[in-house]
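Shown next: my_file.json, containing JSON, C-alpha atoms.
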```
[["chain", "number", "residue", "atom", "x", "y", "z"],
["T", 664, "MET", "CA", 47.16, 23.33, -26.80],
["T", 665, "THR", "CA", 50.64, 24.85, -26.72],
["T", 666, "ALA", "CA", 51.96, 26.44, -29.89],
["T", 667, "HIS", "CA", 55.01, 24.74, -31.39],
["T", 668, "LEU", "CA", 57.92, 26.66, -32.86],
["T", 669, "PRO", "CA", 59.51, 27.10, -35.26],
["T", 670, "LEU", "CA", 56.83, 27.70, -37.87],
["T", 671, "LYS", "CA", 56.92, 24.90, -40.40],
["T", 672, "GLN", "CA", 57.46, 25.15, -44.14],
["T", 673, "GLY", "CA", 54.10, 25.38, -45.86],
["T", 674, "SER", "CA", 52.53, 27.22, -42.90],
["T", 675, "ARG", "CA", 50.03, 29.99, -43.57],
["T", 676, "LEU", "CA", 50.46, 33.18, -41.59],
["T", 677, "VAL", "CA", 48.11, 36.16, -41.36],
["T", 678, "LEU", "CA", 49.74, 39.58, -41.41],
["T", 679, "ALA", "CA", 47.52, 41.70, -39.17],
["T", 680, "SER", "CA", 47.67, 44.73, -41.45],
["T", 681, "HIS", "CA", 45.66, 46.37, -44.23],
["T", 682, "ASN", "CA", 48.81, 47.99, -45.63],
["T", 683, "LYS", "CA", 49.66, 46.52, -49.05],
["T", 684, "GLY", "CA", 53.24, 47.76, -48.85],
["T", 685, "LYS", "CA", 53.77, 46.04, -45.52],
["T", 686, "LEU", "CA", 52.23, 42.83, -46.92],
["T", 687, "ALA", "CA", 54.67, 42.85, -49.84],
["T", 688, "GLU", "CA", 57.60, 43.46, -47.48],
["T", 689, "PHE", "CA", 56.74, 40.62, -45.11],
["T", 690, "ALA", "CA", 55.77, 38.23, -47.92],
["T", 691, "SER", "CA", 59.22, 38.78, -49.40],
["T", 692, "LEU", "CA", 60.96, 38.32, -46.04],
["T", 693, "LEU", "CA", 59.08, 35.08, -45.30],
["T", 694, "ALA", "CA", 59.15, 33.54, -48.78],
["T", 695, "PRO", "CA", 62.55, 31.82, -48.29],
["T", 696, "TYR", "CA", 61.08, 29.93, -45.33],
["T", 697, "GLY", "CA", 58.13, 28.55, -47.27],
["T", 698, "ILE", "CA", 55.60, 30.64, -45.33],
["T", 699, "THR", "CA", 52.51, 31.86, -47.18],
["T", 700, "VAL", "CA", 51.40, 35.30, -45.99],
["T", 701, "LEU", "CA", 47.78, 36.43, -46.08],
["T", 702, "SER", "CA", 46.78, 39.95, -45.07],
["T", 703, "ALA", "CA", 43.99, 41.05, -42.77],
["T", 704, "GLY", "CA", 42.85, 43.29, -45.61],
["T", 705, "GLU", "CA", 42.36, 40.53, -48.16],
["T", 706, "LEU", "CA", 40.56, 38.46, -45.51],
["T", 707, "ASP", "CA", 38.22, 41.42, -44.76],
["T", 708, "LEU", "CA", 39.14, 41.41, -41.09],
["T", 709, "PRO", "CA", 38.13, 44.52, -39.13],
["T", 710, "GLU", "CA", 40.92, 46.67, -37.72],
["T", 711, "PRO", "CA", 40.84, 46.40, -33.92],
["T", 712, "GLU", "CA", 41.03, 49.56, -31.85],
["T", 713, "GLU", "CA", 44.59, 50.10, -30.64],
["T", 714, "THR", "CA", 43.97, 51.00, -27.02],
["T", 715, "ALA", "CA", 47.32, 50.00, -25.47],
["T", 716, "THR", "CA", 49.90, 52.51, -24.28],
["T", 717, "THR", "CA", 52.94, 50.64, -25.66],
["T", 718, "PHE", "CA", 54.11, 49.37, -29.05],
["T", 719, "GLU", "CA", 54.07, 45.81, -27.71],
["T", 720, "GLY", "CA", 50.55, 46.18, -26.38],
["T", 721, "ASN", "CA", 49.16, 47.43, -29.68],
["T", 722, "ALA", "CA", 51.03, 44.79, -31.70],
["T", 723, "ARG", "CA", 49.58, 42.12, -29.41],
["T", 724, "ILE", "CA", 46.02, 43.48, -29.80],
["T", 725, "LYS", "CA", 46.29, 43.28, -33.60],
["T", 726, "ALA", "CA", 47.94, 39.86, -33.70],
["T", 727, "GLU", "CA", 45.57, 38.24, -31.20],
["T", 728, "ALA", "CA", 42.49, 39.60, -32.99],
["T", 729, "ALA", "CA", 43.65, 38.22, -36.35],
["T", 730, "ALA", "CA", 44.61, 34.82, -34.91],
["T", 731, "LYS", "CA", 41.26, 34.49, -33.13],
["T", 732, "ALA", "CA", 39.28, 35.50, -36.24],
["T", 733, "THR", "CA", 41.09, 33.16, -38.64],
["T", 734, "GLY", "CA", 42.30, 30.22, -36.57],
["T", 735, "LEU", "CA", 45.78, 30.80, -38.06],
["T", 736, "PRO", "CA", 49.00, 32.18, -36.59],
["T", 737, "ALA", "CA", 49.07, 35.97, -37.01],
["T", 738, "LEU", "CA", 51.92, 38.46, -37.10],
["T", 739, "ALA", "CA", 51.48, 42.16, -36.29],
["T", 740, "ASP", "CA", 53.85, 45.10, -36.35],
["T", 741, "ASP", "CA", 53.57, 48.30, -34.35],
["T", 742, "SER", "CA", 56.21, 50.92, -34.82],
["T", 743, "GLY", "CA", 56.92, 54.62, -34.53],
["T", 744, "LEU", "CA", 59.36, 57.48, -34.14],
["T", 745, "CYS", "CA", 60.31, 58.71, -30.68],
["T", 746, "VAL", "CA", 61.94, 62.13, -30.20],
["T", 747, "SER", "CA", 63.83, 62.90, -26.99],
["T", 748, "ALA", "CA", 63.02, 66.62, -27.00],
["T", 749, "LEU", "CA", 59.32, 65.76, -27.23],
["T", 750, "GLY", "CA", 59.39, 63.36, -24.30],
["T", 751, "GLY", "CA", 59.33, 60.34, -26.61],
["T", 752, "ALA", "CA", 56.48, 61.62, -28.80],
["T", 753, "PRO", "CA", 55.00, 60.94, -31.25],
["T", 754, "GLY", "CA", 55.80, 57.32, -30.27],
["T", 755, "ILE", "CA", 52.77, 55.06, -30.49],
["T", 756, "TYR", "CA", 50.83, 57.99, -31.98],
["T", 757, "SER", "CA", 53.23, 58.40, -34.93],
["T", 758, "ALA", "CA", 50.62, 57.56, -37.56],
["T", 759, "ARG", "CA", 47.95, 59.65, -35.84],
["T", 760, "TRP", "CA", 50.18, 62.73, -35.89],
["T", 761, "ALA", "CA", 49.88, 62.58, -39.68],
["T", 762, "GLY", "CA", 46.08, 62.62, -39.42],
["T", 763, "PRO", "CA", 43.53, 60.74, -41.51],
["T", 764, "GLU", "CA", 45.05, 62.21, -44.69],
["T", 765, "LYS", "CA", 48.47, 60.71, -43.81],
["T", 766, "ASP", "CA", 50.05, 64.16, -44.08],
["T", 767, "PHE", "CA", 53.56, 63.27, -42.96],
["T", 768, "PRO", "CA", 55.12, 66.55, -44.19],
["T", 769, "ALA", "CA", 52.84, 68.33, -41.70],
["T", 770, "ALA", "CA", 53.74, 65.81, -38.98],
["T", 771, "MET", "CA", 57.45, 66.37, -39.65],
["T", 772, "ARG", "CA", 56.97, 70.15, -39.40],
["T", 773, "ARG", "CA", 55.23, 69.61, -36.06],
["T", 774, "ILE", "CA", 58.28, 67.71, -34.82],
["T", 775, "GLU", "CA", 60.68, 70.42, -36.02],
["T", 776, "ILE", "CA", 58.61, 73.12, -34.28],
["T", 777, "GLY", "CA", 58.64, 71.10, -31.06],
["T", 778, "ILE", "CA", 62.42, 70.77, -30.94],
["T", 779, "ASP", "CA", 63.93, 73.62, -28.96],
["T", 780, "GLY", "CA", 67.70, 73.85, -29.12],
["T", 781, "ASP", "CA", 70.22, 71.18, -30.03],
["T", 782, "GLU", "CA", 68.55, 68.15, -28.47],
["T", 783, "ARG", "CA", 67.81, 66.20, -31.66],
["T", 784, "ASP", "CA", 68.21, 62.61, -30.36],
["T", 785, "ALA", "CA", 65.55, 60.25, -31.66],
["T", 786, "TRP", "CA", 64.91, 56.56, -32.19],
["T", 787, "PHE", "CA", 62.64, 54.30, -34.19],
["T", 788, "ILE", "CA", 61.05, 51.27, -32.51],
["T", 789, "SER", "CA", 59.32, 48.30, -34.11],
["T", 790, "VAL", "CA", 57.64, 45.51, -32.18],
["T", 791, "LEU", "CA", 56.57, 42.33, -33.95],
["T", 792, "CYS", "CA", 54.06, 40.09, -32.19],
["T", 793, "LEU", "CA", 53.28, 36.54, -33.30],
["T", 794, "ALA", "CA", 50.00, 35.18, -31.90],
["T", 795, "PHE", "CA", 48.58, 31.66, -32.14],
["T", 796, "PRO", "CA", 44.89, 30.75, -31.97],
["T", 797, "ASP", "CA", 45.46, 29.10, -28.57],
["T", 798, "GLY", "CA", 46.46, 32.47, -27.08],
["T", 799, "THR", "CA", 50.23, 31.97, -27.07],
["T", 800, "THR", "CA", 52.14, 35.11, -28.10],
["T", 801, "PHE", "CA", 55.77, 36.01, -28.75],
["T", 802, "CYS", "CA", 56.95, 39.63, -29.10],
["T", 803, "PHE", "CA", 60.21, 40.98, -30.49],
["T", 804, "GLU", "CA", 61.47, 44.58, -30.29],
["T", 805, "GLY", "CA", 63.89, 46.25, -32.66],
["T", 806, "ARG", "CA", 65.30, 49.73, -32.11],
["T", 807, "ILE", "CA", 67.63, 52.05, -33.98],
["T", 808, "ASN", "CA", 68.97, 55.26, -32.48],
["T", 809, "GLY", "CA", 69.69, 58.39, -34.46],
["T", 810, "MET", "CA", 68.82, 62.06, -34.71],
["T", 811, "ILE", "CA", 66.34, 64.41, -36.32],
["T", 812, "ALA", "CA", 67.75, 66.17, -39.39],
["T", 813, "PRO", "CA", 67.49, 70.00, -39.54],
["T", 814, "GLU", "CA", 65.21, 69.62, -42.57],
["T", 815, "PRO", "CA", 63.64, 66.74, -44.53],
["T", 816, "ARG", "CA", 65.99, 65.16, -47.09],
["T", 817, "GLY", "CA", 65.48, 62.43, -49.66],
["T", 818, "ALA", "CA", 62.59, 61.04, -51.66],
["T", 819, "ALA", "CA", 62.73, 57.33, -50.82],
["T", 820, "GLY", "CA", 61.08, 55.51, -47.93],
["T", 821, "HIS", "CA", 57.88, 56.64, -46.25],
["T", 822, "GLY", "CA", 56.52, 58.30, -43.14],
["T", 823, "TYR", "CA", 59.18, 60.09, -41.10],
["T", 824, "ASP", "CA", 62.13, 58.69, -43.08],
["T", 825, "PRO", "CA", 63.14, 62.11, -44.55],
["T", 826, "ILE", "CA", 63.96, 63.56, -41.10],
["T", 827, "PHE", "CA", 65.60, 60.55, -39.42],
["T", 828, "VAL", "CA", 69.38, 60.10, -39.60],
["T", 829, "PRO", "CA", 70.36, 56.70, -38.13],
["T", 830, "GLU", "CA", 73.42, 56.38, -35.90],
["T", 831, "ASN", "CA", 76.77, 56.17, -37.72],
["T", 832, "GLU", "CA", 75.20, 57.71, -40.83],
["T", 833, "THR", "CA", 75.01, 61.17, -42.42],
["T", 834, "ARG", "CA", 72.06, 60.33, -44.68],
["T", 835, "THR", "CA", 68.41, 60.12, -43.72],
["T", 836, "PHE", "CA", 66.49, 56.89, -44.24],
["T", 837, "ALA", "CA", 64.86, 58.61, -47.24],
["T", 838, "GLU", "CA", 68.26, 59.12, -48.88],
["T", 839, "MET", "CA", 69.04, 55.39, -48.70],
["T", 840, "SER", "CA", 68.03, 52.58, -51.00],
["T", 841, "ASP", "CA", 65.46, 50.10, -49.67],
["T", 842, "ALA", "CA", 68.23, 47.51, -49.31],
["T", 843, "GLU", "CA", 70.43, 49.88, -47.29],
["T", 844, "LYS", "CA", 67.60, 50.90, -44.99],
["T", 845, "ASN", "CA", 66.29, 47.36, -44.54],
["T", 846, "ALA", "CA", 69.74, 46.13, -43.53],
["T", 847, "ILE", "CA", 69.81, 48.34, -40.43],
["T", 848, "SER", "CA", 66.24, 49.43, -39.67],
["T", 849, "HIS", "CA", 64.28, 48.89, -36.48],
["T", 850, "ARG", "CA", 61.92, 46.53, -38.32],
["T", 851, "ALA", "CA", 64.87, 44.52, -39.69],
["T", 852, "ARG", "CA", 66.24, 44.14, -36.17],
["T", 853, "ALA", "CA", 62.87, 42.99, -34.82],
["T", 854, "PHE", "CA", 62.48, 40.58, -37.75],
["T", 855, "GLU", "CA", 65.90, 39.06, -37.07],
["T", 856, "LEU", "CA", 64.85, 38.23, -33.50],
["T", 857, "PHE", "CA", 61.56, 36.81, -34.83],
["T", 858, "ARG", "CA", 63.46, 34.77, -37.42],
["T", 859, "GLU", "CA", 65.79, 33.26, -34.82],
["T", 860, "LYS", "CA", 62.95, 32.23, -32.51],
["T", 861, "CYS", "CA", 60.13, 31.39, -34.89],
["T", 862, "LEU", "CA", 61.66, 30.26, -38.16],
["T", 863, "GLY", "CA", 64.50, 28.11, -36.89]]
```

Output the file's structure as structure tokens, nothing else.
Amino acid sequence: MTAHLPLKQGSRLVLASHNKGKLAEFASLLAPYGITVLSAGELDLPEPEETATTFEGNARIKAEAAAKATGLPALADDSGLCVSALGGAPGIYSARWAGPEKDFPAAMRRIEIGIDGDERDAWFISVLCLAFPDGTTFCFEGRINGMIAPEPRGAAGHGYDPIFVPENETRTFAEMSDAEKNAISHRARAFELFREKCLG
């Protein structure tokens, strides 16, 4: 059976994440389209091992596992910060750099220590993958370029937001309101591509 797009009003969609904040964000984004979002966490789905070497590969692993387990379409996000001076690291290992305690201040210090000189170019990437129970998948990549700030600034946002200054800005993501960040972020750009293809 071939999956049909766009997703219809009244559809149920599994968000392949145990992150409550991410669930709230996607539920809000999808609400105007009449899509009900369930999370992998509330469905007690196990978290699959992310063994791929790309954002797209890991997003696909998570989405396909959730779609297969539930028989519903599933959406997964994989994202991270890439720093030019570190050869693109932490990249797909962005969360792991913060360790099991999610110590992002320590991860940000590790990035600062690794930057030698003035090469502070960086970019955030987000890949959304929509998987159907029949095995059909669609992936969408959003990217925003920027630079690493000399020191963390701002108290909003999460993760590496205090050290990332997006292009054409002087503020870090953590110095912006949620609305300002969400208007330009890597995830917003990936979601726009998903919206055009999957929501009609």

Quick one: residues within 7 Å of segment 717-720 of chain T, only C-alpha atoms, excluding same-chain residues fewer than 6 positions away - as a PDB file with C-alpha atoms, in the frame of the given file?
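Result saved to out-v2.pdb:
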```pdb
ATOM      1  CA  ASP T 741      53.570  48.300 -34.350  1.00  0.00           C
ATOM      2  CA  SER T 742      56.210  50.920 -34.820  1.00  0.00           C
ATOM      3  CA  ILE T 755      52.770  55.060 -30.490  1.00  0.00           C
ATOM      4  CA  VAL T 790      57.640  45.510 -32.180  1.00  0.00           C
ATOM      5  CA  CYS T 802      56.950  39.630 -29.100  1.00  0.00           C
TER       6      CYS T 802
END
```

| If we count only C-alpha atoms, what is near Cys745 of chain T at a cut-off of 6 Å, once residues fewer than 6 positions away on the same chain are taken out, given as a list in words? |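 Non-adjacent residues within range: Gly751, Ala752, Pro753, Gly754, Ala785 and Trp786 of chain T.
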
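Using only C-alpha atoms, the residues found no farther than 12 Å from His681 of chain T, other than those of its own chain fewer than 2 positions away, are Val677, Leu678, Ala679, Lys683, Gly684, Lys685, Leu686, Ala687, Leu701, Ser702, Ala703, Gly704, Glu705, Leu706, Asp707, Leu708, Pro709, Glu710, Pro711, Lys725, Ala729, Ala739 and Asp740 of chain T.
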
| field | Length of the atom CA of Gly750 of chain T to atom CA of Glu838 of chain T vector [Å] | value |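 Interatomic distance, atom CA of Gly750 of chain T to atom CA of Glu838 of chain T: 26.5 Å.
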
| query | What does the distance from atom CA of Thr699 of chain T to atom CA of Lys671 of chain T come to in Å, to one decimal? | reply |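 Taking atom CA of Thr699 of chain T and atom CA of Lys671 of chain T, their separation equals 10.7 Å.
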